[in-house]
Structures are given as structure tokens and as C-alpha cells.
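A.B. asks: Below you'll find the structure I mean.
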Amino acid sequence: MCYGDVTGVISLELGAQAPGNYENTPEGYGCYGGVDYGARFVRIFIMDCFLKVYGCQMNAADSHLVSRLLADAGIREVSEPSEAQAVVLLTCSVRQHAEDRAWGFARTMRGLGKKVILAGCMGKLRGNELVREGAADFVLGPDEYRRIPDLLLGRDGSGQGNPESLETYGDLLPATTNSVSASVAVMRGCNNFCTYCVVPYARGPERSIAYPDLERQLRYLLDQGVKEIFLLGQNVLAYRHGDMKLIELLERAARLEGLDRLGFLTSHPRDLSCEMIRRMADIPQLLHFFHLPLQSASDRVLKQMRRGYGLAEYEEKIGWVRSAFPDVYLSTDLMVGFPGESEEDFELTLDAVRRIGFDFAYMFAYSERPGTKAADMAEKVPVAERKRRLAELIDRQNEVTRRRAEGLVGTEEEVFVAAPAPRGKGAMLAELKNYRPVILNHTARLGQRLQARLVGLRGRSIIAEPLAKEVA
Ligand code: SF4
């Protein structure tokens with residue numbers, strides 16, 4: 001029971017039975033978010049829930065699974081926390097900052113009398129502490145999302161789950177939005193144990209989802225009008241189910257009718273092979289986009305990170321990618337201030353950024369994560385020094401990003417209209433074939449493909465003007 005959480009009490013006199021989530025209450029027969037047409041007088045309880053997502057693309061993809069679970073339970077999602085009786089947070093533990101933000105938000109929501117479920121990586125890693133500190137009513141790991149509706153609706157009063165359970169959610173169809181782009185997690189977990197990273201502890205070992213389940217999810221998204229799909233995994237190149245590896249998965253997915261654009265994230269450089277790249281180049285729908293996290297260009301630091309490759313191997317693989325995809329849009333992750341990183345190590349990373357010429361980089365200062373090997377390493381780089389190196393790295397990458405974008409001005413390209421532009425009325429966010437984002441200075445239908453001229457830069461963003469011709 002959860003009387004404190006119900007709203008919208010209406011009475012009906014109707015005559016047929018419809019699906020819903022029913023519960024006997026002292027006042028009669030209650031229905032959460034559904035309508036029990038069989039009862040003479042029915043109280044309809046609608047729970048409104050706000051879902052807040054922190055962190056990576058995996059969490060964003062998970063949020064669509066949670067939305068599906070909420071909708072199936074008749075729980076309504078609202079766009080503002082002020083409209084909700086309950087709040088579900090999908091949290092991230094990759095950096096301290098993300099944890100602090102989630103913790104603060106949970107406390108604020110509890111202070112406002114809302115039921116709070118804190119789920120995801122932070123729930124798995126810091127569950128006991130969060131409960132002890134009263135930050136949330138319930139705390140769940142990333143493999144316990146199926147419990148969310150029952151906890152919200154008061155049907156699971158014990159609060160006892162199994163934090164060690166392992167899930168793939170392969171049977172769930174993700175909830176869709178109006179977007180023409182979507183992501184599907186094809187595997188969960190990671191076996192790599194890079195020394196700075198909490199993911200293997202938070203999300204458990206690698207598990208890949210069987211192709212028939214994935215095809216069902218992909219077909220569902222395509223039926224809803226999605227045109228571009230990313231296949232996700234913490235280490236997606238390690239996808240393996242039976243005899244099927246990622247390359248076969250990409251080849252089969254690309255044959256599904258209605259799929260225009262196909263991508264994959266995130267790749268561990270160690271697992272990228274020449275043969276895989278060669279076969280990828282034969283997939284017409286595949287985006288010419290590679291996200292290959294380098295982290296550091298110092299072999300000494302990479303070894304300490306347990307990344308399993310050196311700079312020379314990384315650059316050789318970039319060479320393979322560039323010869324198969326000359327127009328590749330290349331992005332990376334870079335971390336500065338890892339324990340023991342010297343000024344010389346850092347300089348190597350700065351040099352590599354210019355030499356390799358990344359189009360984009362996610363850049364971070366090392367953040368100590370309790371329980372990881374790196375947290376116990378002695379030679380900590382002072383926080384102020386980490387910040388200084390990060391600022392210098394950002395300046396270097398911005399210069400490279402801008403130079404690479406400038407090189408495209410004046411060319412004509414096909415663009416895919418992905419979303420309304422976040423700023424700028426009448427403009428759209430579009431993507432080149434290699435996933436490079438551009439601002440299209442015109443309104444256009446979502447999912448439309450147009451020929452456009454890249455006319456200039458605004459900051460580091462490329463501005464495109466449509467030519468008359470519509471491609472598809
Ligand atoms: S590959 Fe390394 S950095 Fe990436 S999720 Fe796995 S352990 Fe973390």
C-alpha cells in the first residue's frame with residue numbers, strides 16, 4: 001500500500017475489465033495507473049515519477065528500460081521533479097563529482113517528502129552508506145531495476161533485493177521517445193579491471209545478449225520510426241554470444257529494414273583488429289565514427305592503468321581505421337593526473353593529441369575511486385596540478401578540434417537531421433555520415449537526409465546550409 005503516494009482519485013461507473021495493477025485497500029479495490037472497469041466505483045491512483053539520469057550512455061540506455069518498466073506498471077513519468085511523488089535516480093560512480101551531485105539531489109528530494117529510489121552504479125557500490133545516511137528510501141544496483149515499480153507502489157515492503165544478481169534485460173523493449181536516434185545495450189559489465197575504474201565492481205562481469213532478443217529490440221525501435229541505432233557495451237568489441245561476435249552482430253543488424261545508420265560504443269583499443277575494421281568498411285550503414293579511448297600517451301602510465309596496449313599499437317590501429325575510413329570522425333577519452341603521471345608523461349599526451357588529430361575528446365582529471373587498485377597507489381598527483389594539466393589539455397584539444405573542423409568548411413556533404421538545435425530557433429542538429437555534429441541553419445524533418453554546404457564555424461561548431469536536393 002502506498003496511500004502517501006497516490007493522486008488523482010476519480011470515481012467511475014463502468015462495466016468491463018481492463019488490465020492494470022490492482023491492490024485491495026481498506027477503502028475498496030484500488031488500481032494504480034490503470035482503470036478497473038469491472039468495479040462499480042473505482043479509485044484510480046496514478047503515481048507520478050521523475051527519472052533523473054547521471055553519467056554515461058549506458059545509463060541513458062538503461063533509462064529507457066526503466067521507463068518501460070514504469071509504463072508497464074502504470075506509473076506516469078513527469079518532466080519536472082516538482083510534479084512527482086517519487087524520484088528515481090540512475091547514478092554514476094565513475095567520478096566523485098557525479099556521486100556528489102546525485103547524493104545532493106536525493107537529499108533535496110527526500111527533504112521535499114518524495115519517495116527516492118537511488119539506483120545504478122552508486123547504489124551497488126555505496127548502498128549501505130546511502131541507506132545509513134538516509135539519502136534514499138531504497139537503494140538498488142544496476143541489475144535490480146525490475147524491482148523499481150514494486151518499490152514505488154509499495155508492493156515490495158521488505159526492501160530486500162539481491163545486489164549480487166546479474167541481468168541482461170534482454171526481454172525488455174526500450175521505451176521510445178520521438179527521437180530518430182536510439183541506443184541498445186548489447187552487453188553489460190566489463191572484465192577488464194583497468195586500475196582506475198569502478199565499472200567491473202559496479203556492473204559485474206561481461207554478459208552479452210542473444211541475437212534474437214536484440215533483433216526484437218532493434219525491430220521494435222525501427223517500427224517506432226528510429227533511423228539511427230548505436231549498439232552499446234562498456235567494452236562493446238568484446239560482445240560474444242555463442243559464435244556471434246560484434247562484427248557479425250553489426251553485419252546482421254545492418255540488414256534490418258529501415259535502419260539507415262548504425263554505430264557502436266565504447267571500444268577498447270586492445271580488442272580492435274585489422275580484420276574487424278576491414279569487414280566494418282563493407283557495411284554501408286555503419287557510421288564512419290570510432291570512439292577509441294586512449295587515456296594516456298605514456299606507455300608507463302598505460303601499464304599502470306592496465307590498459308593492455310601501448311601508444312605505438314594504438315597509433316597503428318588508428319592508421320588501419322584511417323585507411324579503411326578516410327573521412328573517419330575520431331574521438332577519445334583522455335585522463336590526466338593518474339597516480340605517478342610525471343610532467344613528461346603528460347607532455348606525451350599533449351603531443352599525441354596534436355599528432356593523432358582527434359576530432360573530439362572527453363577529458364578528465366583523475367578521480368580516486370575507493371576499492372580500485374589505483375586508489376591505493378602511492379604517488380598521487382596533487383589535485384591543483386591535475387586541474388592545471390586538464391586545463392592545458394583542453395586548450396590543446398580545442399585547438400585541434402577547431403583546426404579539423406575548419407578543414408571541412410566549403411565542402412558539400414550529406415547530413416542526417418537528428419534533433420532540433422538546443423539553441424537557435426529554426427535550426428536543427430544534424431550529423432554527417434561520420435557522425436560529426438553540425439548545426440543546420442534551416443528547419444527540416446527529423447530523420448531527413450539532405451545535401452548541405454558547410455559554410456563556416458560558430459565557436460567549434462560547423463554551420464551547414466541545405467542545398468535544395470533531398471536525398472531520402
Ligand atoms: S574497459 Fe576499463 S575503463 Fe572501460 S569500463 Fe572496463 S574497466 Fe572501465
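Letters A, B, ... mark the chains of the C-alpha cells in the order given; residue numbers begin at 1 per chain; ligand numbers begin at 1, in order shown.
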Just the residues within 7 Å of A:Cys121, please, counting only C-alpha atoms, with nothing from its chain fewer than 4 positions along; format it as an mmCIF file with all heavy atoms, in the first residue's frame.
C.D. replies:
```
data_model
loop_
_atom_site.group_PDB
_atom_site.id
_atom_site.type_symbol
_atom_site.label_atom_id
_atom_site.label_comp_id
_atom_site.auth_asym_id
_atom_site.auth_seq_id
_atom_site.Cartn_x
_atom_site.Cartn_y
_atom_site.Cartn_z
ATOM 1 N N THR A 91 22.308 6.421 -11.202
ATOM 2 C CA THR A 91 23.511 7.142 -10.789
ATOM 3 C C THR A 91 24.775 6.615 -11.454
ATOM 4 O O THR A 91 24.785 5.531 -12.035
ATOM 5 C CB THR A 91 23.674 7.005 -9.262
ATOM 6 O OG1 THR A 91 23.736 5.612 -8.950
ATOM 7 C CG2 THR A 91 22.539 7.660 -8.528
ATOM 8 N N CYS A 92 25.833 7.403 -11.303
ATOM 9 C CA CYS A 92 27.133 7.106 -11.914
ATOM 10 C C CYS A 92 28.201 7.230 -10.824
ATOM 11 O O CYS A 92 28.151 8.153 -10.016
ATOM 12 C CB CYS A 92 27.391 8.127 -13.018
ATOM 13 S SG CYS A 92 29.058 8.081 -13.676
ATOM 14 N N SER A 93 29.158 6.310 -10.833
ATOM 15 C CA SER A 93 30.233 6.362 -9.824
ATOM 16 C C SER A 93 31.599 6.562 -10.455
ATOM 17 O O SER A 93 32.619 6.380 -9.793
ATOM 18 C CB SER A 93 30.256 5.044 -9.027
ATOM 19 O OG SER A 93 29.178 5.009 -8.140
ATOM 20 N N LEU A 125 27.609 0.244 -5.296
ATOM 21 C CA LEU A 125 28.894 0.407 -4.605
ATOM 22 C C LEU A 125 28.770 1.035 -3.227
ATOM 23 O O LEU A 125 29.599 0.803 -2.366
ATOM 24 C CB LEU A 125 29.828 1.271 -5.463
ATOM 25 C CG LEU A 125 30.226 0.661 -6.801
ATOM 26 C CD1 LEU A 125 30.970 1.682 -7.640
ATOM 27 C CD2 LEU A 125 31.083 -0.578 -6.596
ATOM 28 N N GLY A 141 21.169 -1.766 -7.182
ATOM 29 C CA GLY A 141 22.251 -1.826 -8.155
ATOM 30 C C GLY A 141 21.716 -1.840 -9.578
ATOM 31 O O GLY A 141 20.495 -1.918 -9.802
ATOM 32 N N PRO A 142 22.615 -1.798 -10.570
ATOM 33 C CA PRO A 142 22.177 -1.730 -11.974
ATOM 34 C C PRO A 142 21.503 -3.008 -12.484
ATOM 35 O O PRO A 142 20.981 -3.020 -13.586
ATOM 36 C CB PRO A 142 23.459 -1.457 -12.755
ATOM 37 C CG PRO A 142 24.575 -1.567 -11.805
ATOM 38 C CD PRO A 142 24.067 -1.684 -10.412
ATOM 39 N N ALA A 202 30.915 -2.328 -10.171
ATOM 40 C CA ALA A 202 29.529 -1.850 -10.118
ATOM 41 C C ALA A 202 28.606 -2.641 -11.034
ATOM 42 O O ALA A 202 27.456 -2.903 -10.699
ATOM 43 C CB ALA A 202 29.480 -0.369 -10.514
ATOM 44 N N ARG A 203 29.127 -3.035 -12.188
ATOM 45 C CA ARG A 203 28.250 -3.649 -13.199
ATOM 46 C C ARG A 203 28.555 -5.118 -13.444
ATOM 47 O O ARG A 203 27.909 -5.746 -14.282
ATOM 48 C CB ARG A 203 28.302 -2.851 -14.505
ATOM 49 C CG ARG A 203 27.598 -1.503 -14.370
ATOM 50 C CD ARG A 203 27.520 -0.747 -15.671
ATOM 51 N NE ARG A 203 26.633 0.399 -15.553
ATOM 52 C CZ ARG A 203 25.381 0.431 -15.999
ATOM 53 N NH1 ARG A 203 24.861 -0.612 -16.602
ATOM 54 N NH2 ARG A 203 24.657 1.515 -15.839
#
```
A.B. asks: Mind running chain A against ligand 1 at 8 Å and telling me each contacting residue's nearest atom pair with the distance in Å (one decimal), counting only C-alpha atoms and all ligand atoms, chain and number ascending, as a Markdown table?
C.D. replies:
```
| residue | atom | partner | partner_atom_place_in_ligand_line | distance |
| --- | --- | --- | --- | --- |
| A:Gly189 | CA | ligand 1 | 5 (S) | 7.5 |
| A:Cys190 | CA | ligand 1 | 6 (Fe) | 4.8 |
| A:Asn191 | CA | ligand 1 | 6 (Fe) | 6.4 |
| A:Asn192 | CA | ligand 1 | 7 (S) | 4.6 |
| A:Phe193 | CA | ligand 1 | 7 (S) | 4.2 |
| A:Cys194 | CA | ligand 1 | 2 (Fe) | 4.2 |
| A:Thr195 | CA | ligand 1 | 7 (S) | 7.3 |
| A:Tyr196 | CA | ligand 1 | 3 (S) | 7.3 |
| A:Cys197 | CA | ligand 1 | 8 (Fe) | 4.6 |
| A:Val198 | CA | ligand 1 | 8 (Fe) | 6.4 |
| A:Val199 | CA | ligand 1 | 8 (Fe) | 5.0 |
| A:Pro200 | CA | ligand 1 | 7 (S) | 5.8 |
| A:Gln234 | CA | ligand 1 | 5 (S) | 4.9 |
| A:Asn235 | CA | ligand 1 | 1 (S) | 5.6 |
| A:Thr266 | CA | ligand 1 | 4 (Fe) | 7.9 |
| A:His268 | CA | ligand 1 | 1 (S) | 6.0 |
| A:Arg307 | CA | ligand 1 | 2 (Fe) | 7.0 |
```
A.B. asks: Excluding same-chain residues fewer than 2 positions from A:Leu311, what lies within 12 Å of it counting only C-alpha atoms, as an MDAnalysis selection string?
C.D. replies: chainID A and resid 269:270 293:303 307:309 313:318 345 348:349 351:353 355:356
A.B. asks: Might you pull out every residue within 7 Å of A:Lys114, with only C-alpha atoms counted and same-chain residues fewer than 2 positions away left off, and present them as a list in words?
C.D. replies: Gln85, Ala86, Val87, Met109, Arg110, Leu112 and Val116 of chain A
A.B. asks: With stretch 382-385 of chain A as the partner and 9 Å as the cut-off, tabulate the residues of stretch 289-367 of chain A that qualify, each row holding the nearest pair of atoms and their distance in Å to one decimal, using only C-alpha atoms, sorted by chain and rising number, as a Markdown table.
C.D. replies:
```
| residue | atom | partner | partner_atom | distance |
| --- | --- | --- | --- | --- |
| A:Gly337 | CA | A:Glu385 | CA | 7.4 |
| A:Ala365 | CA | A:Val383 | CA | 8.4 |
| A:Tyr366 | CA | A:Val383 | CA | 8.8 |
```
A.B. asks: Would you list, as JSON, numbers by chain, the residues of stretch 343-451 of chain A that end up in helix (DSSP H, G or I) under DSSP run on this structure's backbone?
C.D. replies: {"A": [343, 344, 345, 346, 347, 348, 349, 350, 351, 352, 353, 354, 355, 356, 357, 374, 375, 376, 383, 384, 385, 386, 387, 388, 389, 390, 391, 392, 393, 394, 395, 396, 397, 398, 399, 400, 401, 402, 403, 404, 405, 406]}
A.B. asks: Keeping only N, CA and C atoms, take the residues you just selected and write them out as a compact mmCIF listing (two decimals), in the first residue's frame.
C.D. replies:
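The result, stored in result06.txt:
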```txt
# COMPACT_ATOMS: atom_id res chain seq x y z
N GLU A 343 55.42 15.10 -15.42
CA GLU A 343 55.24 16.17 -16.42
C GLU A 343 55.58 15.63 -17.81
N GLU A 344 56.59 14.76 -17.88
CA GLU A 344 57.00 14.17 -19.18
C GLU A 344 55.88 13.27 -19.72
N ASP A 345 55.28 12.49 -18.85
CA ASP A 345 54.16 11.64 -19.29
C ASP A 345 53.04 12.51 -19.86
N PHE A 346 52.76 13.57 -19.13
CA PHE A 346 51.68 14.47 -19.56
C PHE A 346 52.01 15.10 -20.91
N GLU A 347 53.28 15.51 -21.09
CA GLU A 347 53.69 16.11 -22.38
C GLU A 347 53.47 15.13 -23.53
N LEU A 348 53.70 13.83 -23.25
CA LEU A 348 53.48 12.83 -24.30
C LEU A 348 52.01 12.83 -24.75
N THR A 349 51.10 12.99 -23.78
CA THR A 349 49.67 13.04 -24.12
C THR A 349 49.36 14.29 -24.93
N LEU A 350 49.94 15.43 -24.51
CA LEU A 350 49.70 16.66 -25.28
C LEU A 350 50.19 16.50 -26.72
N ASP A 351 51.37 15.91 -26.88
CA ASP A 351 51.93 15.72 -28.23
C ASP A 351 51.03 14.80 -29.07
N ALA A 352 50.55 13.72 -28.43
CA ALA A 352 49.73 12.74 -29.17
C ALA A 352 48.43 13.37 -29.65
N VAL A 353 47.87 14.26 -28.83
CA VAL A 353 46.61 14.92 -29.22
C VAL A 353 46.81 15.66 -30.55
N ARG A 354 47.94 16.36 -30.66
CA ARG A 354 48.19 17.11 -31.90
C ARG A 354 48.54 16.16 -33.05
N ARG A 355 49.36 15.17 -32.76
CA ARG A 355 49.83 14.28 -33.83
C ARG A 355 48.69 13.40 -34.37
N ILE A 356 47.91 12.81 -33.46
CA ILE A 356 46.84 11.90 -33.91
C ILE A 356 45.69 12.71 -34.51
N GLY A 357 45.44 13.88 -33.94
CA GLY A 357 44.38 14.73 -34.50
C GLY A 357 42.99 14.22 -34.21
N ALA A 374 44.10 1.71 -8.32
CA ALA A 374 44.79 3.00 -8.40
C ALA A 374 44.60 3.82 -7.12
N ALA A 375 43.50 3.61 -6.43
CA ALA A 375 43.26 4.38 -5.19
C ALA A 375 44.32 4.09 -4.16
N ASP A 376 44.95 2.90 -4.25
CA ASP A 376 46.00 2.54 -3.28
C ASP A 376 47.39 2.91 -3.77
N VAL A 383 45.85 17.66 -6.45
CA VAL A 383 44.62 18.00 -7.18
C VAL A 383 44.80 19.27 -8.02
N ALA A 384 45.50 20.25 -7.46
CA ALA A 384 45.70 21.51 -8.21
C ALA A 384 46.49 21.23 -9.49
N GLU A 385 47.44 20.33 -9.42
CA GLU A 385 48.25 20.00 -10.60
C GLU A 385 47.40 19.24 -11.63
N ARG A 386 46.53 18.36 -11.14
CA ARG A 386 45.62 17.66 -12.07
C ARG A 386 44.78 18.68 -12.83
N LYS A 387 44.31 19.69 -12.09
CA LYS A 387 43.45 20.71 -12.74
C LYS A 387 44.23 21.50 -13.76
N ARG A 388 45.48 21.83 -13.42
CA ARG A 388 46.29 22.61 -14.37
C ARG A 388 46.51 21.82 -15.66
N ARG A 389 46.84 20.53 -15.49
CA ARG A 389 47.08 19.71 -16.68
C ARG A 389 45.79 19.57 -17.50
N LEU A 390 44.69 19.42 -16.81
CA LEU A 390 43.43 19.28 -17.54
C LEU A 390 43.14 20.53 -18.37
N ALA A 391 43.36 21.71 -17.75
CA ALA A 391 43.08 22.96 -18.48
C ALA A 391 43.97 23.05 -19.72
N GLU A 392 45.25 22.65 -19.57
CA GLU A 392 46.17 22.72 -20.71
C GLU A 392 45.76 21.73 -21.81
N LEU A 393 45.35 20.56 -21.37
CA LEU A 393 44.92 19.54 -22.34
C LEU A 393 43.67 20.01 -23.10
N ILE A 394 42.73 20.60 -22.38
CA ILE A 394 41.50 21.08 -23.03
C ILE A 394 41.85 22.14 -24.09
N ASP A 395 42.76 23.05 -23.73
CA ASP A 395 43.17 24.08 -24.70
C ASP A 395 43.77 23.43 -25.95
N ARG A 396 44.61 22.42 -25.74
CA ARG A 396 45.26 21.75 -26.87
C ARG A 396 44.21 21.05 -27.75
N GLN A 397 43.30 20.33 -27.10
CA GLN A 397 42.29 19.59 -27.88
C GLN A 397 41.37 20.57 -28.62
N ASN A 398 41.00 21.67 -27.94
CA ASN A 398 40.13 22.65 -28.61
C ASN A 398 40.77 23.19 -29.88
N GLU A 399 42.06 23.42 -29.79
CA GLU A 399 42.79 23.93 -30.97
C GLU A 399 42.73 22.89 -32.11
N VAL A 400 42.92 21.62 -31.75
CA VAL A 400 42.91 20.56 -32.77
C VAL A 400 41.49 20.39 -33.33
N THR A 401 40.51 20.39 -32.43
CA THR A 401 39.10 20.24 -32.88
C THR A 401 38.75 21.33 -33.87
N ARG A 402 39.14 22.54 -33.54
CA ARG A 402 38.80 23.67 -34.41
C ARG A 402 39.51 23.55 -35.76
N ARG A 403 40.78 23.16 -35.71
CA ARG A 403 41.54 23.05 -36.96
C ARG A 403 40.92 21.99 -37.87
N ARG A 404 40.51 20.87 -37.29
CA ARG A 404 39.93 19.79 -38.10
C ARG A 404 38.57 20.20 -38.66
N ALA A 405 37.82 20.96 -37.87
CA ALA A 405 36.51 21.42 -38.36
C ALA A 405 36.69 22.45 -39.48
N GLU A 406 37.67 23.34 -39.32
CA GLU A 406 37.92 24.36 -40.35
C GLU A 406 38.22 23.73 -41.70
```
A.B. asks: So that I can check the surroundings of A:Leu286, please list as a PyMOL selection string every protein, DNA and RNA residue that reaches within 12 Å of it, counting only C-alpha atoms and ignoring chain neighbours fewer than 3 positions away.
C.D. replies: chain A and resi 228-231+247+249-255+259-264+277+279-283+289-290+325+328+433-435
A.B. asks: Could those residues be written to a file, using C-alpha atoms, as a tab-separated table (two decimals), in the first residue's frame?
C.D. replies:
```tsv
chain	number	residue	atom	x	y	z
A	228	GLU	CA	19.95	5.54	-36.31
A	229	ILE	CA	20.93	2.98	-33.66
A	230	PHE	CA	24.04	2.66	-31.52
A	231	LEU	CA	24.93	-0.74	-30.11
A	247	ILE	CA	31.28	-7.83	-36.33
A	249	LEU	CA	26.14	-8.59	-34.99
A	250	LEU	CA	26.80	-5.37	-36.93
A	251	GLU	CA	26.50	-7.18	-40.27
A	252	ARG	CA	23.17	-8.76	-39.32
A	253	ALA	CA	21.74	-5.62	-37.72
A	254	ALA	CA	22.63	-3.60	-40.83
A	255	ARG	CA	20.36	-5.87	-42.91
A	259	LEU	CA	17.98	1.06	-40.41
A	260	ASP	CA	19.84	3.94	-42.07
A	261	ARG	CA	22.68	4.46	-39.65
A	262	LEU	CA	24.46	2.09	-37.30
A	263	GLY	CA	27.14	2.82	-34.70
A	264	PHE	CA	28.79	1.14	-31.74
A	277	ILE	CA	37.91	-2.94	-39.45
A	279	ARG	CA	34.69	-6.06	-42.55
A	280	MET	CA	33.23	-2.90	-40.98
A	281	ALA	CA	34.16	-0.95	-44.09
A	282	ASP	CA	31.83	-3.22	-46.09
A	283	ILE	CA	28.77	-2.27	-44.02
A	289	PHE	CA	32.84	7.11	-36.38
A	290	PHE	CA	35.24	5.50	-33.93
A	325	PHE	CA	37.56	5.14	-43.39
A	328	VAL	CA	36.56	8.99	-40.01
A	433	LYS	CA	27.93	10.38	-42.41
A	434	ASN	CA	30.76	10.11	-39.88
A	435	TYR	CA	28.50	11.28	-37.02
```
A.B. asks: Identify which of the residues A:Gly447, A:Gly123, A:Gly407, A:Pro174 lies closest to A:Asp72, counting only C-alpha atoms when measuring atom-to-atom distances.
C.D. replies: A:Pro174
A.B. asks: With only C-alpha atoms as the atoms that count, which of A:Arg95, A:Arg76, A:His291, A:Arg101 lies nearest to A:Ser367?
C.D. replies: A:Arg95
A.B. asks: I'd like the contact shell of A:Ala464 - 8 Å cut-off, only C-alpha atoms, skipping same-chain residues fewer than 2 positions apart - returned as an mmCIF file with all heavy atoms, in the first residue's frame.
C.D. replies:
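Saved result, result-v6.cif, follows:
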```
data_model
loop_
_atom_site.group_PDB
_atom_site.id
_atom_site.type_symbol
_atom_site.label_atom_id
_atom_site.label_comp_id
_atom_site.auth_asym_id
_atom_site.auth_seq_id
_atom_site.Cartn_x
_atom_site.Cartn_y
_atom_site.Cartn_z
ATOM 1 N N VAL A 438 26.723 18.874 -36.842
ATOM 2 C CA VAL A 438 26.738 20.212 -37.457
ATOM 3 C C VAL A 438 25.413 20.884 -37.111
ATOM 4 O O VAL A 438 24.435 20.223 -36.786
ATOM 5 C CB VAL A 438 26.900 20.161 -39.006
ATOM 6 C CG1 VAL A 438 28.205 19.515 -39.412
ATOM 7 C CG2 VAL A 438 25.733 19.443 -39.680
ATOM 8 N N ILE A 439 25.423 22.219 -37.175
ATOM 9 C CA ILE A 439 24.171 22.959 -36.986
ATOM 10 C C ILE A 439 23.625 23.280 -38.371
ATOM 11 O O ILE A 439 24.294 23.953 -39.163
ATOM 12 C CB ILE A 439 24.411 24.290 -36.224
ATOM 13 C CG1 ILE A 439 25.139 24.044 -34.891
ATOM 14 C CG2 ILE A 439 23.096 25.040 -36.017
ATOM 15 C CD1 ILE A 439 24.335 23.346 -33.848
ATOM 16 N N LEU A 440 22.428 22.796 -38.652
ATOM 17 C CA LEU A 440 21.804 23.067 -39.960
ATOM 18 C C LEU A 440 20.952 24.325 -39.802
ATOM 19 O O LEU A 440 20.024 24.369 -38.986
ATOM 20 C CB LEU A 440 20.931 21.875 -40.353
ATOM 21 C CG LEU A 440 20.297 21.941 -41.740
ATOM 22 C CD1 LEU A 440 21.367 21.828 -42.829
ATOM 23 C CD2 LEU A 440 19.267 20.824 -41.917
ATOM 24 N N ASN A 441 21.287 25.331 -40.589
ATOM 25 C CA ASN A 441 20.626 26.623 -40.466
ATOM 26 C C ASN A 441 19.274 26.636 -41.155
ATOM 27 O O ASN A 441 19.006 27.476 -42.009
ATOM 28 C CB ASN A 441 21.513 27.690 -41.124
ATOM 29 C CG ASN A 441 22.053 28.641 -40.081
ATOM 30 O OD1 ASN A 441 21.570 28.641 -38.947
ATOM 31 N ND2 ASN A 441 23.049 29.427 -40.466
ATOM 32 N N ALA A 452 24.012 19.356 -48.039
ATOM 33 C CA ALA A 452 24.225 20.674 -47.420
ATOM 34 C C ALA A 452 25.647 21.139 -47.684
ATOM 35 O O ALA A 452 26.545 20.328 -47.916
ATOM 36 C CB ALA A 452 23.977 20.578 -45.919
ATOM 37 N N ARG A 453 25.803 22.450 -47.645
ATOM 38 C CA ARG A 453 27.147 23.025 -47.756
ATOM 39 C C ARG A 453 27.586 23.452 -46.356
ATOM 40 O O ARG A 453 26.805 24.062 -45.615
ATOM 41 C CB ARG A 453 27.143 24.236 -48.697
ATOM 42 C CG ARG A 453 28.547 24.824 -48.909
ATOM 43 C CD ARG A 453 28.488 26.118 -49.709
ATOM 44 N NE ARG A 453 27.903 25.902 -51.038
ATOM 45 C CZ ARG A 453 28.573 25.405 -52.085
ATOM 46 N NH1 ARG A 453 29.847 25.102 -51.950
ATOM 47 N NH2 ARG A 453 27.981 25.233 -53.241
ATOM 48 N N LEU A 454 28.806 23.113 -45.992
ATOM 49 C CA LEU A 454 29.342 23.516 -44.692
ATOM 50 C C LEU A 454 29.931 24.910 -44.878
ATOM 51 O O LEU A 454 30.929 25.082 -45.596
ATOM 52 C CB LEU A 454 30.388 22.510 -44.214
ATOM 53 C CG LEU A 454 29.940 21.028 -44.271
ATOM 54 C CD1 LEU A 454 30.979 20.109 -43.635
ATOM 55 C CD2 LEU A 454 28.581 20.812 -43.604
ATOM 56 N N VAL A 455 29.268 25.892 -44.252
ATOM 57 C CA VAL A 455 29.581 27.280 -44.634
ATOM 58 C C VAL A 455 30.498 28.005 -43.660
ATOM 59 O O VAL A 455 31.055 29.050 -43.989
ATOM 60 C CB VAL A 455 28.284 28.105 -44.826
ATOM 61 C CG1 VAL A 455 27.503 27.617 -46.022
ATOM 62 C CG2 VAL A 455 27.422 28.096 -43.556
ATOM 63 N N GLY A 456 30.650 27.499 -42.452
ATOM 64 C CA GLY A 456 31.532 28.217 -41.521
ATOM 65 C C GLY A 456 31.468 27.611 -40.139
ATOM 66 O O GLY A 456 30.839 26.578 -39.915
ATOM 67 N N ILE A 462 30.287 23.413 -36.594
ATOM 68 C CA ILE A 462 30.199 23.678 -38.033
ATOM 69 C C ILE A 462 28.764 24.076 -38.378
ATOM 70 O O ILE A 462 27.803 23.445 -37.918
ATOM 71 C CB ILE A 462 30.601 22.432 -38.846
ATOM 72 C CG1 ILE A 462 32.065 22.085 -38.577
ATOM 73 C CG2 ILE A 462 30.351 22.634 -40.335
ATOM 74 C CD1 ILE A 462 32.566 20.867 -39.336
ATOM 75 N N PRO A 466 21.362 24.017 -46.136
ATOM 76 C CA PRO A 466 20.890 22.957 -47.034
ATOM 77 C C PRO A 466 20.963 23.401 -48.501
ATOM 78 O O PRO A 466 20.691 24.564 -48.813
ATOM 79 C CB PRO A 466 19.435 22.739 -46.603
ATOM 80 C CG PRO A 466 19.047 23.988 -45.907
ATOM 81 C CD PRO A 466 20.280 24.618 -45.349
#
```
A.B. asks: Please return, as an NGL selection string, all residues of stretch 266-453 of chain A that DSSP assigns to strand (DSSP E) on the basis of the backbone.
C.D. replies: :A and (289-291 or 329-336 or 360-365 or 412-420 or 428-431 or 437-440 or 449-453)
